[in-house]
$ cat target21.pdb   # PDB, C-alpha atoms
MODEL        1
ATOM      1  CA  MET A 756      94.656  94.573  79.143  1.00  0.00           C
ATOM      2  CA  ARG A 757      96.819  93.619  82.155  1.00  0.00           C
ATOM      3  CA  THR A 758      99.339  91.857  79.896  1.00  0.00           C
ATOM      4  CA  TRP A 759     100.021  94.992  77.890  1.00  0.00           C
ATOM      5  CA  PHE A 760      99.894  97.407  80.812  1.00  0.00           C
ATOM      6  CA  PRO A 761     100.869  95.532  83.982  1.00  0.00           C
ATOM      7  CA  TYR A 762     101.130  98.747  86.012  1.00  0.00           C
ATOM      8  CA  PRO A 763      99.188 101.462  84.181  1.00  0.00           C
ATOM      9  CA  LEU A 764      99.764 104.173  86.793  1.00  0.00           C
ATOM     10  CA  LEU A 765     103.505 103.518  86.723  1.00  0.00           C
ATOM     11  CA  SER A 766     103.512 103.707  82.917  1.00  0.00           C
ATOM     12  CA  ILE A 767     101.587 106.977  82.932  1.00  0.00           C
ATOM     13  CA  GLY A 768     103.845 108.381  85.645  1.00  0.00           C
ATOM     14  CA  LEU A 769     106.959 107.461  83.688  1.00  0.00           C
ATOM     15  CA  LEU A 770     105.485 109.033  80.543  1.00  0.00           C
ATOM     16  CA  ILE A 771     104.814 112.274  82.419  1.00  0.00           C
ATOM     17  CA  ILE A 772     108.318 112.291  83.912  1.00  0.00           C
ATOM     18  CA  TRP A 773     109.795 111.636  80.460  1.00  0.00           C
ATOM     19  CA  MET A 774     107.890 114.559  78.961  1.00  0.00           C
ATOM     20  CA  LEU A 775     108.898 116.824  81.853  1.00  0.00           C
ATOM     21  CA  LEU A 776     112.555 115.873  81.493  1.00  0.00           C
ATOM     22  CA  ASN A 777     112.447 116.548  77.761  1.00  0.00           C
ATOM     23  CA  GLN A 778     110.307 119.664  78.238  1.00  0.00           C
ATOM     24  CA  SER A 779     108.322 118.696  75.185  1.00  0.00           C
ATOM     25  CA  VAL A 780     104.954 117.289  74.161  1.00  0.00           C
ATOM     26  CA  ALA A 781     106.083 116.568  70.610  1.00  0.00           C
ATOM     27  CA  PRO A 782     104.722 113.327  69.119  1.00  0.00           C
ATOM     28  CA  GLY A 783     108.170 111.707  69.131  1.00  0.00           C
ATOM     29  CA  THR A 784     108.631 112.472  72.821  1.00  0.00           C
ATOM     30  CA  VAL A 785     105.194 111.084  73.676  1.00  0.00           C
ATOM     31  CA  VAL A 786     105.784 107.896  71.647  1.00  0.00           C
ATOM     32  CA  MET A 787     109.218 107.319  73.173  1.00  0.00           C
ATOM     33  CA  GLY A 788     107.871 108.026  76.680  1.00  0.00           C
ATOM     34  CA  THR A 789     105.006 105.590  76.127  1.00  0.00           C
ATOM     35  CA  ILE A 790     107.374 102.873  74.936  1.00  0.00           C
ATOM     36  CA  LEU A 791     109.681 103.444  77.898  1.00  0.00           C
ATOM     37  CA  GLY A 792     106.770 103.552  80.347  1.00  0.00           C
ATOM     38  CA  ILE A 793     105.360 100.238  79.142  1.00  0.00           C
ATOM     39  CA  ALA A 794     108.785  98.550  78.879  1.00  0.00           C
ATOM     40  CA  LEU A 795     109.855  99.617  82.353  1.00  0.00           C
ATOM     41  CA  ALA A 796     106.525  98.456  83.782  1.00  0.00           C
ATOM     42  CA  TRP A 797     107.199  95.018  82.267  1.00  0.00           C
ATOM     43  CA  VAL A 798     110.670  95.052  83.824  1.00  0.00           C
ATOM     44  CA  THR A 799     109.216  95.782  87.257  1.00  0.00           C
ATOM     45  CA  LEU A 800     107.106  92.621  87.046  1.00  0.00           C
ATOM     46  CA  LYS A 801     110.287  90.695  87.852  1.00  0.00           C
ATOM     47  CA  LEU A 802     110.972  92.885  90.895  1.00  0.00           C
ATOM     48  CA  THR A 803     108.399  91.461  93.263  1.00  0.00           C
ATOM     49  CA  PRO A 804     109.770  92.082  96.742  1.00  0.00           C
ATOM     50  CA  ALA A 805     108.998  89.762  99.593  1.00  0.00           C
ATOM     51  CA  ARG A 806     105.825  90.773 101.331  1.00  0.00           C
ATOM     52  CA  SER A 807     106.119  91.608 104.971  1.00  0.00           C
ATOM     53  CA  HIS A 808     103.486  93.012 107.216  1.00  0.00           C
ATOM     54  CA  PRO A 809     104.650  95.278 110.004  1.00  0.00           C
ATOM     55  CA  ARG A 810     102.512  94.889 113.053  1.00  0.00           C
ATOM     56  CA  ARG A 811     101.978  96.724 116.309  1.00  0.00           C
ATOM     57  CA  ILE A 812     101.104 100.271 115.305  1.00  0.00           C
ATOM     58  CA  LEU A 813     101.960 101.732 118.727  1.00  0.00           C
ATOM     59  CA  LEU A 814     105.448 100.227 118.521  1.00  0.00           C
ATOM     60  CA  MET A 815     105.863 101.703 115.034  1.00  0.00           C
ATOM     61  CA  LEU A 816     104.920 105.154 116.295  1.00  0.00           C
ATOM     62  CA  ARG A 817     107.317 104.874 119.228  1.00  0.00           C
ATOM     63  CA  PHE A 818     110.087 103.663 116.902  1.00  0.00           C
ATOM     64  CA  GLY A 819     109.424 106.531 114.491  1.00  0.00           C
ATOM     65  CA  ALA A 820     109.582 109.063 117.317  1.00  0.00           C
ATOM     66  CA  SER A 821     112.863 107.566 118.511  1.00  0.00           C
ATOM     67  CA  VAL A 822     114.363 107.769 115.008  1.00  0.00           C
ATOM     68  CA  PHE A 823     113.078 111.340 114.659  1.00  0.00           C
ATOM     69  CA  LEU A 824     114.808 112.355 117.900  1.00  0.00           C
ATOM     70  CA  ASP A 825     118.010 110.615 116.813  1.00  0.00           C
ATOM     71  CA  VAL A 826     117.945 112.521 113.512  1.00  0.00           C
ATOM     72  CA  ILE A 827     117.533 115.832 115.359  1.00  0.00           C
ATOM     73  CA  ARG A 828     120.386 114.956 117.751  1.00  0.00           C
ATOM     74  CA  SER A 829     122.535 113.949 114.816  1.00  0.00           C
ATOM     75  CA  ASN A 830     121.749 117.216 112.990  1.00  0.00           C
ATOM     76  CA  ILE A 831     122.929 119.164 116.038  1.00  0.00           C
ATOM     77  CA  ALA A 832     126.059 117.010 116.349  1.00  0.00           C
ATOM     78  CA  VAL A 833     126.938 117.499 112.667  1.00  0.00           C
ATOM     79  CA  ALA A 834     126.377 121.258 112.993  1.00  0.00           C
ATOM     80  CA  LEU A 835     128.768 121.309 115.964  1.00  0.00           C
ATOM     81  CA  VAL A 836     131.355 119.333 113.985  1.00  0.00           C
ATOM     82  CA  ILE A 837     131.097 121.857 111.151  1.00  0.00           C
ATOM     83  CA  LEU A 838     131.350 124.839 113.501  1.00  0.00           C
ATOM     84  CA  ARG A 839     134.419 123.514 115.334  1.00  0.00           C
ATOM     85  CA  VAL A 840     136.193 122.218 112.224  1.00  0.00           C
ATOM     86  CA  GLY A 841     139.083 124.672 112.645  1.00  0.00           C
ATOM     87  CA  ARG A 842     139.750 123.635 116.235  1.00  0.00           C
ATOM     88  CA  ARG A 843     139.516 119.854 115.961  1.00  0.00           C
ATOM     89  CA  ALA A 844     139.223 117.665 112.921  1.00  0.00           C
ATOM     90  CA  PRO A 845     136.346 115.181 112.999  1.00  0.00           C
ATOM     91  CA  ASN A 846     137.259 111.615 113.879  1.00  0.00           C
ATOM     92  CA  SER A 847     135.668 109.842 110.911  1.00  0.00           C
ATOM     93  CA  GLY A 848     135.614 106.088 110.740  1.00  0.00           C
ATOM     94  CA  PHE A 849     133.999 102.900 109.560  1.00  0.00           C
ATOM     95  CA  LEU A 850     132.104 100.512 111.792  1.00  0.00           C
ATOM     96  CA  THR A 851     131.021  96.953 111.261  1.00  0.00           C
ATOM     97  CA  VAL A 852     128.052  95.680 113.247  1.00  0.00           C
ATOM     98  CA  ASP A 853     126.697  92.148 113.213  1.00  0.00           C
ATOM     99  CA  ILE A 854     122.939  92.150 112.727  1.00  0.00           C
ATOM    100  CA  ASP A 855     120.498  89.311 112.255  1.00  0.00           C
ATOM    101  CA  ILE A 856     117.531  90.877 110.510  1.00  0.00           C
ATOM    102  CA  GLU A 857     116.160  88.470 107.911  1.00  0.00           C
ATOM    103  CA  ASP A 858     113.295  90.536 106.478  1.00  0.00           C
ATOM    104  CA  GLU A 859     114.399  92.433 103.368  1.00  0.00           C
ATOM    105  CA  ASN A 860     111.948  95.254 103.998  1.00  0.00           C
ATOM    106  CA  ALA A 861     113.272  95.704 107.534  1.00  0.00           C
ATOM    107  CA  LEU A 862     116.806  95.828 106.121  1.00  0.00           C
ATOM    108  CA  ALA A 863     115.710  98.421 103.571  1.00  0.00           C
ATOM    109  CA  LEU A 864     114.137 100.517 106.323  1.00  0.00           C
ATOM    110  CA  LEU A 865     117.318 100.244 108.397  1.00  0.00           C
ATOM    111  CA  ALA A 866     119.313 101.390 105.356  1.00  0.00           C
ATOM    112  CA  CYS A 867     116.996 104.385 104.938  1.00  0.00           C
ATOM    113  CA  ILE A 868     117.291 105.292 108.608  1.00  0.00           C
ATOM    114  CA  MET A 869     121.084 105.006 108.641  1.00  0.00           C
ATOM    115  CA  THR A 870     121.442 107.029 105.452  1.00  0.00           C
ATOM    116  CA  ALA A 871     118.908 109.685 106.462  1.00  0.00           C
ATOM    117  CA  THR A 872     120.624 110.256 109.788  1.00  0.00           C
ATOM    118  CA  PRO A 873     123.152 113.059 109.278  1.00  0.00           C
ATOM    119  CA  GLY A 874     126.708 111.994 109.918  1.00  0.00           C
ATOM    120  CA  THR A 875     126.182 108.343 108.976  1.00  0.00           C
ATOM    121  CA  ALA A 876     126.077 106.455 105.716  1.00  0.00           C
ATOM    122  CA  TRP A 877     125.127 102.827 105.070  1.00  0.00           C
ATOM    123  CA  LEU A 878     127.854 101.322 102.927  1.00  0.00           C
ATOM    124  CA  GLU A 879     127.456  97.577 102.710  1.00  0.00           C
ATOM    125  CA  TYR A 880     125.495  94.637 104.049  1.00  0.00           C
ATOM    126  CA  ASP A 881     127.174  91.246 103.850  1.00  0.00           C
ATOM    127  CA  ARG A 882     124.484  88.544 103.751  1.00  0.00           C
ATOM    128  CA  GLY A 883     126.966  85.747 104.372  1.00  0.00           C
ATOM    129  CA  ARG A 884     128.394  87.203 107.561  1.00  0.00           C
ATOM    130  CA  LYS A 885     125.240  89.186 108.394  1.00  0.00           C
ATOM    131  CA  SER A 886     127.272  92.293 109.034  1.00  0.00           C
ATOM    132  CA  LEU A 887     126.593  95.927 108.284  1.00  0.00           C
ATOM    133  CA  LEU A 888     129.364  98.334 107.336  1.00  0.00           C
ATOM    134  CA  PHE A 889     128.657 102.033 107.739  1.00  0.00           C
ATOM    135  CA  HIS A 890     130.572 105.299 107.954  1.00  0.00           C
ATOM    136  CA  VAL A 891     130.363 107.801 110.796  1.00  0.00           C
ATOM    137  CA  LEU A 892     131.416 111.420 110.374  1.00  0.00           C
ATOM    138  CA  ASP A 893     132.526 112.001 113.971  1.00  0.00           C
ATOM    139  CA  MET A 894     133.038 108.814 115.904  1.00  0.00           C
ATOM    140  CA  GLU A 895     133.949 109.892 119.413  1.00  0.00           C
ATOM    141  CA  ASN A 896     132.610 106.658 120.886  1.00  0.00           C
ATOM    142  CA  ASP A 897     131.971 103.713 118.585  1.00  0.00           C
ATOM    143  CA  GLU A 898     130.011 101.840 121.269  1.00  0.00           C
ATOM    144  CA  VAL A 899     127.309 104.531 121.116  1.00  0.00           C
ATOM    145  CA  TRP A 900     126.841 103.891 117.389  1.00  0.00           C
ATOM    146  CA  ILE A 901     126.826 100.120 117.834  1.00  0.00           C
ATOM    147  CA  ARG A 902     124.170 100.423 120.569  1.00  0.00           C
ATOM    148  CA  THR A 903     122.125 102.718 118.325  1.00  0.00           C
ATOM    149  CA  VAL A 904     122.190 100.235 115.432  1.00  0.00           C
ATOM    150  CA  LYS A 905     121.318  97.391 117.814  1.00  0.00           C
ATOM    151  CA  ARG A 906     118.394  99.454 119.159  1.00  0.00           C
ATOM    152  CA  TYR A 907     117.139 100.029 115.616  1.00  0.00           C
ATOM    153  CA  GLU A 908     117.600  96.343 114.848  1.00  0.00           C
ATOM    154  CA  ALA A 909     115.600  95.290 117.906  1.00  0.00           C
ATOM    155  CA  GLY A 910     112.776  97.673 117.038  1.00  0.00           C
ATOM    156  CA  LEU A 911     112.626  96.518 113.423  1.00  0.00           C
ATOM    157  CA  LYS A 912     112.723  92.850 114.386  1.00  0.00           C
ATOM    158  CA  GLU A 913     109.843  93.448 116.769  1.00  0.00           C
ATOM    159  CA  MET A 914     107.789  95.260 114.113  1.00  0.00           C
ATOM    160  CA  PHE A 915     108.452  92.799 111.283  1.00  0.00           C
ATOM    161  CA  ARG A 916     108.178  89.471 113.081  1.00  0.00           C
TER     162      ARG A 916
ENDMDL
END
$ encode --input "target21.pdb" --output "structure tokens"
Amino acid sequence: MRTWFPYPLLSIGLLIIWMLLNQSVAPGTVVMGTILGIALAWVTLKLTPARSHPRRILLMLRFGASVFLDVIRSNIAVALVILRVGRRAPNSGFLTVDIDIEDENALALLACIMTATPGTAWLEYDRGRKSLLFHVLDMENDEVWIRTVKRYEAGLKEMFR
């Protein structure tokens, strides 16, 4: 049974999403959704990410609170940039920061944090040079952003070691 349906919940979920997108429960829609659900579940068999086990729950909670506060501060900063747009144009820019996180899951979490923080966007990670390129909406002081990324990096390295 596992060979035909490697991830049955994923297949069922994809079937339901397919039927919702098509807004139909016609036999053709159900058959096509079932085929897609099973085929995409087979495809995901090849996508086995490296397992990592974050440790130190208290550190994770402290890190999460720190990120939460940074997101709130960034929301306020972006709102101020929007409100003063007529007086002073934002100083947008790109920054490159060297980071040495090896764990792919920690890198993915850093990407989520950088993208979820208003005013920043993760653009590229160069594995060869171990450098992160990201965009900042209003870069008054680039050292502040570099220190922030380094703080996130240190926290993630501590959690995923």
$ resolve_selection --input "target21.pdb" --expression "the PyMOL selection byres ((chain A and resi 760-766) around 8)" --output "list in words"
Met756, Arg757, Thr758, Trp759, Ile767, Gly768, Leu769, Leu770, Thr789, Leu791, Gly792, Ile793, Leu795, Ala796, Trp797 and Leu800 of chain A
$ write_last_selection --input "target21.pdb" --atoms "C-alpha atoms" --output "PDB file, in the frame of the given file"
ATOM      1  CA  MET A 756      94.656  94.573  79.143  1.00  0.00           C
ATOM      2  CA  ARG A 757      96.819  93.619  82.155  1.00  0.00           C
ATOM      3  CA  THR A 758      99.339  91.857  79.896  1.00  0.00           C
ATOM      4  CA  TRP A 759     100.021  94.992  77.890  1.00  0.00           C
ATOM      5  CA  ILE A 767     101.587 106.977  82.932  1.00  0.00           C
ATOM      6  CA  GLY A 768     103.845 108.381  85.645  1.00  0.00           C
ATOM      7  CA  LEU A 769     106.959 107.461  83.688  1.00  0.00           C
ATOM      8  CA  LEU A 770     105.485 109.033  80.543  1.00  0.00           C
ATOM      9  CA  THR A 789     105.006 105.590  76.127  1.00  0.00           C
ATOM     10  CA  LEU A 791     109.681 103.444  77.898  1.00  0.00           C
ATOM     11  CA  GLY A 792     106.770 103.552  80.347  1.00  0.00           C
ATOM     12  CA  ILE A 793     105.360 100.238  79.142  1.00  0.00           C
ATOM     13  CA  LEU A 795     109.855  99.617  82.353  1.00  0.00           C
ATOM     14  CA  ALA A 796     106.525  98.456  83.782  1.00  0.00           C
ATOM     15  CA  TRP A 797     107.199  95.018  82.267  1.00  0.00           C
ATOM     16  CA  LEU A 800     107.106  92.621  87.046  1.00  0.00           C
TER      17      LEU A 800
END
$ axis_aligned_box --input "target21.pdb" --around "segment 766-770 of chain A" --padding-each-side "6 Å" --output "lines of an AutoDock Vina configuration file"
center_x = 104.3
center_y = 106.4
center_z = 83.1
size_x = 17.4
size_y = 17.3
size_z = 17.1
$ resolve_selection --input "target21.pdb" --expression "the PyMOL selection byres ((chain A and resi 819) around 12)" --output "number ranges by chain"
A: 812-818, 820-826, 864-865, 868, 907, 910-911, 914
$ residues_around --input "target21.pdb" --residues "Thr870 of chain A" --least-positions-apart "3" --cutoff "12 Å" --atoms "all atoms listed in the file" --output "ChimeraX atom specification"
/A:822,826,829,863-867,873-879,888-892
$ closest_residue --input "target21.pdb" --among "A:Ile771, A:Ser807, A:Leu887, A:Leu802" --to "Gly788 of chain A" --atoms "all atoms listed in the file"
A:Ile771
$ residues_around --input "target21.pdb" --residues "segment 853-858 of chain A" --least-positions-apart "6" --cutoff "7 Å" --atoms "all atoms listed in the file" --output "number ranges by chain"
A: 885-887, 908, 912
$ resolve_selection --input "target21.pdb" --expression "the PyMOL selection byres ((chain A and resi 833) around 10)" --output "VMD selection string"
chain A and resid 827 to 832 834 to 839 845 873 to 875 892 to 893
$ write_last_selection --input "target21.pdb" --atoms "C-alpha atoms" --output "compact mmCIF listing (two decimals), in the coordinates of the input"
# COMPACT_ATOMS: atom_id res chain seq x y z
CA ILE A 827 117.53 115.83 115.36
CA ARG A 828 120.39 114.96 117.75
CA SER A 829 122.54 113.95 114.82
CA ASN A 830 121.75 117.22 112.99
CA ILE A 831 122.93 119.16 116.04
CA ALA A 832 126.06 117.01 116.35
CA ALA A 834 126.38 121.26 112.99
CA LEU A 835 128.77 121.31 115.96
CA VAL A 836 131.35 119.33 113.98
CA ILE A 837 131.10 121.86 111.15
CA LEU A 838 131.35 124.84 113.50
CA ARG A 839 134.42 123.51 115.33
CA PRO A 845 136.35 115.18 113.00
CA PRO A 873 123.15 113.06 109.28
CA GLY A 874 126.71 111.99 109.92
CA THR A 875 126.18 108.34 108.98
CA LEU A 892 131.42 111.42 110.37
CA ASP A 893 132.53 112.00 113.97
$ atom_distance --input "target21.pdb" --atom1 "atom CA of Arg810 of chain A" --atom2 "atom CA of Met869 of chain A"
21.6 Å
$ atom_distance --input "target21.pdb" --atom1 "atom CA of Thr799 of chain A" --atom2 "atom CA of Thr784 of chain A"
22.1 Å
$ atom_distance --input "target21.pdb" --atom1 "atom CA of Arg806 of chain A" --atom2 "atom CA of Thr903 of chain A"
26.4 Å
$ decode --input "target21.pdb" --residues "segment 761-773 of chain A" --atoms "all heavy atoms" --output "PDB file, in the first residue's frame"
ATOM      1  N   PRO A 761       2.572   6.803  -1.130  1.00  0.00           N
ATOM      2  CA  PRO A 761       3.649   7.042  -0.175  1.00  0.00           C
ATOM      3  C   PRO A 761       3.260   8.036   0.926  1.00  0.00           C
ATOM      4  O   PRO A 761       3.654   7.878   2.073  1.00  0.00           O
ATOM      5  CB  PRO A 761       4.791   7.584  -1.028  1.00  0.00           C
ATOM      6  CG  PRO A 761       4.174   8.015  -2.302  1.00  0.00           C
ATOM      7  CD  PRO A 761       2.920   7.227  -2.467  1.00  0.00           C
ATOM      8  N   TYR A 762       2.480   9.023   0.584  1.00  0.00           N
ATOM      9  CA  TYR A 762       1.996  10.004   1.563  1.00  0.00           C
ATOM     10  C   TYR A 762       0.489  10.160   1.360  1.00  0.00           C
ATOM     11  O   TYR A 762       0.028  11.062   0.646  1.00  0.00           O
ATOM     12  CB  TYR A 762       2.691  11.356   1.385  1.00  0.00           C
ATOM     13  CG  TYR A 762       4.176  11.304   1.603  1.00  0.00           C
ATOM     14  CD1 TYR A 762       5.054  11.546   0.563  1.00  0.00           C
ATOM     15  CD2 TYR A 762       4.702  11.007   2.851  1.00  0.00           C
ATOM     16  CE1 TYR A 762       6.421  11.502   0.759  1.00  0.00           C
ATOM     17  CE2 TYR A 762       6.066  10.957   3.054  1.00  0.00           C
ATOM     18  CZ  TYR A 762       6.920  11.208   2.005  1.00  0.00           C
ATOM     19  OH  TYR A 762       8.273  11.164   2.203  1.00  0.00           O
ATOM     20  N   PRO A 763      -0.305   9.313   1.983  1.00  0.00           N
ATOM     21  CA  PRO A 763      -1.751   9.348   1.710  1.00  0.00           C
ATOM     22  C   PRO A 763      -2.411  10.663   2.118  1.00  0.00           C
ATOM     23  O   PRO A 763      -3.295  11.152   1.401  1.00  0.00           O
ATOM     24  CB  PRO A 763      -2.299   8.172   2.515  1.00  0.00           C
ATOM     25  CG  PRO A 763      -1.225   7.738   3.426  1.00  0.00           C
ATOM     26  CD  PRO A 763       0.064   8.248   2.896  1.00  0.00           C
ATOM     27  N   LEU A 764      -1.998  11.256   3.227  1.00  0.00           N
ATOM     28  CA  LEU A 764      -2.619  12.519   3.634  1.00  0.00           C
ATOM     29  C   LEU A 764      -2.287  13.635   2.649  1.00  0.00           C
ATOM     30  O   LEU A 764      -3.140  14.489   2.361  1.00  0.00           O
ATOM     31  CB  LEU A 764      -2.175  12.900   5.050  1.00  0.00           C
ATOM     32  CG  LEU A 764      -2.690  11.993   6.164  1.00  0.00           C
ATOM     33  CD1 LEU A 764      -2.146  12.441   7.514  1.00  0.00           C
ATOM     34  CD2 LEU A 764      -4.208  11.985   6.181  1.00  0.00           C
ATOM     35  N   LEU A 765      -1.077  13.639   2.127  1.00  0.00           N
ATOM     36  CA  LEU A 765      -0.709  14.629   1.119  1.00  0.00           C
ATOM     37  C   LEU A 765      -1.546  14.436  -0.137  1.00  0.00           C
ATOM     38  O   LEU A 765      -2.056  15.406  -0.715  1.00  0.00           O
ATOM     39  CB  LEU A 765       0.780  14.522   0.780  1.00  0.00           C
ATOM     40  CG  LEU A 765       1.289  15.434  -0.331  1.00  0.00           C
ATOM     41  CD1 LEU A 765       1.170  16.898   0.073  1.00  0.00           C
ATOM     42  CD2 LEU A 765       2.719  15.090  -0.688  1.00  0.00           C
ATOM     43  N   SER A 766      -1.715  13.184  -0.564  1.00  0.00           N
ATOM     44  CA  SER A 766      -2.515  12.910  -1.763  1.00  0.00           C
ATOM     45  C   SER A 766      -3.955  13.352  -1.580  1.00  0.00           C
ATOM     46  O   SER A 766      -4.552  13.965  -2.475  1.00  0.00           O
ATOM     47  CB  SER A 766      -2.479  11.415  -2.097  1.00  0.00           C
ATOM     48  OG  SER A 766      -1.177  11.011  -2.420  1.00  0.00           O
ATOM     49  N   ILE A 767      -4.523  13.058  -0.430  1.00  0.00           N
ATOM     50  CA  ILE A 767      -5.908  13.465  -0.157  1.00  0.00           C
ATOM     51  C   ILE A 767      -6.012  14.984  -0.098  1.00  0.00           C
ATOM     52  O   ILE A 767      -6.944  15.581  -0.644  1.00  0.00           O
ATOM     53  CB  ILE A 767      -6.421  12.804   1.142  1.00  0.00           C
ATOM     54  CG1 ILE A 767      -6.554  11.293   0.927  1.00  0.00           C
ATOM     55  CG2 ILE A 767      -7.727  13.420   1.586  1.00  0.00           C
ATOM     56  CD1 ILE A 767      -6.796  10.522   2.208  1.00  0.00           C
ATOM     57  N   GLY A 768      -5.042  15.620   0.547  1.00  0.00           N
ATOM     58  CA  GLY A 768      -5.032  17.079   0.623  1.00  0.00           C
ATOM     59  C   GLY A 768      -4.935  17.720  -0.750  1.00  0.00           C
ATOM     60  O   GLY A 768      -5.641  18.693  -1.048  1.00  0.00           O
ATOM     61  N   LEU A 769      -4.084  17.182  -1.603  1.00  0.00           N
ATOM     62  CA  LEU A 769      -3.960  17.711  -2.958  1.00  0.00           C
ATOM     63  C   LEU A 769      -5.233  17.495  -3.768  1.00  0.00           C
ATOM     64  O   LEU A 769      -5.627  18.354  -4.561  1.00  0.00           O
ATOM     65  CB  LEU A 769      -2.761  17.073  -3.661  1.00  0.00           C
ATOM     66  CG  LEU A 769      -1.388  17.505  -3.143  1.00  0.00           C
ATOM     67  CD1 LEU A 769      -0.300  16.654  -3.761  1.00  0.00           C
ATOM     68  CD2 LEU A 769      -1.148  18.977  -3.411  1.00  0.00           C
ATOM     69  N   LEU A 770      -5.889  16.347  -3.569  1.00  0.00           N
ATOM     70  CA  LEU A 770      -7.167  16.094  -4.237  1.00  0.00           C
ATOM     71  C   LEU A 770      -8.204  17.120  -3.808  1.00  0.00           C
ATOM     72  O   LEU A 770      -8.917  17.696  -4.649  1.00  0.00           O
ATOM     73  CB  LEU A 770      -7.668  14.678  -3.932  1.00  0.00           C
ATOM     74  CG  LEU A 770      -9.102  14.358  -4.352  1.00  0.00           C
ATOM     75  CD1 LEU A 770      -9.248  14.429  -5.871  1.00  0.00           C
ATOM     76  CD2 LEU A 770      -9.510  13.003  -3.828  1.00  0.00           C
ATOM     77  N   ILE A 771      -8.289  17.387  -2.519  1.00  0.00           N
ATOM     78  CA  ILE A 771      -9.257  18.371  -2.019  1.00  0.00           C
ATOM     79  C   ILE A 771      -8.952  19.759  -2.568  1.00  0.00           C
ATOM     80  O   ILE A 771      -9.863  20.480  -3.005  1.00  0.00           O
ATOM     81  CB  ILE A 771      -9.277  18.362  -0.480  1.00  0.00           C
ATOM     82  CG1 ILE A 771      -9.877  17.033   0.013  1.00  0.00           C
ATOM     83  CG2 ILE A 771     -10.037  19.546   0.081  1.00  0.00           C
ATOM     84  CD1 ILE A 771      -9.726  16.806   1.496  1.00  0.00           C
ATOM     85  N   ILE A 772      -7.681  20.144  -2.580  1.00  0.00           N
ATOM     86  CA  ILE A 772      -7.307  21.452  -3.117  1.00  0.00           C
ATOM     87  C   ILE A 772      -7.647  21.529  -4.599  1.00  0.00           C
ATOM     88  O   ILE A 772      -8.150  22.549  -5.088  1.00  0.00           O
ATOM     89  CB  ILE A 772      -5.812  21.729  -2.868  1.00  0.00           C
ATOM     90  CG1 ILE A 772      -5.583  21.982  -1.371  1.00  0.00           C
ATOM     91  CG2 ILE A 772      -5.314  22.920  -3.675  1.00  0.00           C
ATOM     92  CD1 ILE A 772      -4.140  22.048  -0.972  1.00  0.00           C
ATOM     93  N   TRP A 773      -7.400  20.454  -5.331  1.00  0.00           N
ATOM     94  CA  TRP A 773      -7.717  20.416  -6.762  1.00  0.00           C
ATOM     95  C   TRP A 773      -9.213  20.614  -6.994  1.00  0.00           C
ATOM     96  O   TRP A 773      -9.624  21.378  -7.867  1.00  0.00           O
ATOM     97  CB  TRP A 773      -7.239  19.092  -7.364  1.00  0.00           C
ATOM     98  CG  TRP A 773      -7.499  18.984  -8.834  1.00  0.00           C
ATOM     99  CD1 TRP A 773      -8.493  18.273  -9.432  1.00  0.00           C
ATOM    100  CD2 TRP A 773      -6.767  19.608  -9.884  1.00  0.00           C
ATOM    101  NE1 TRP A 773      -8.421  18.415 -10.793  1.00  0.00           N
ATOM    102  CE2 TRP A 773      -7.360  19.243 -11.097  1.00  0.00           C
ATOM    103  CE3 TRP A 773      -5.656  20.443  -9.917  1.00  0.00           C
ATOM    104  CZ2 TRP A 773      -6.889  19.676 -12.323  1.00  0.00           C
ATOM    105  CZ3 TRP A 773      -5.195  20.871 -11.146  1.00  0.00           C
ATOM    106  CH2 TRP A 773      -5.808  20.488 -12.317  1.00  0.00           C
TER     107      TRP A 773
END
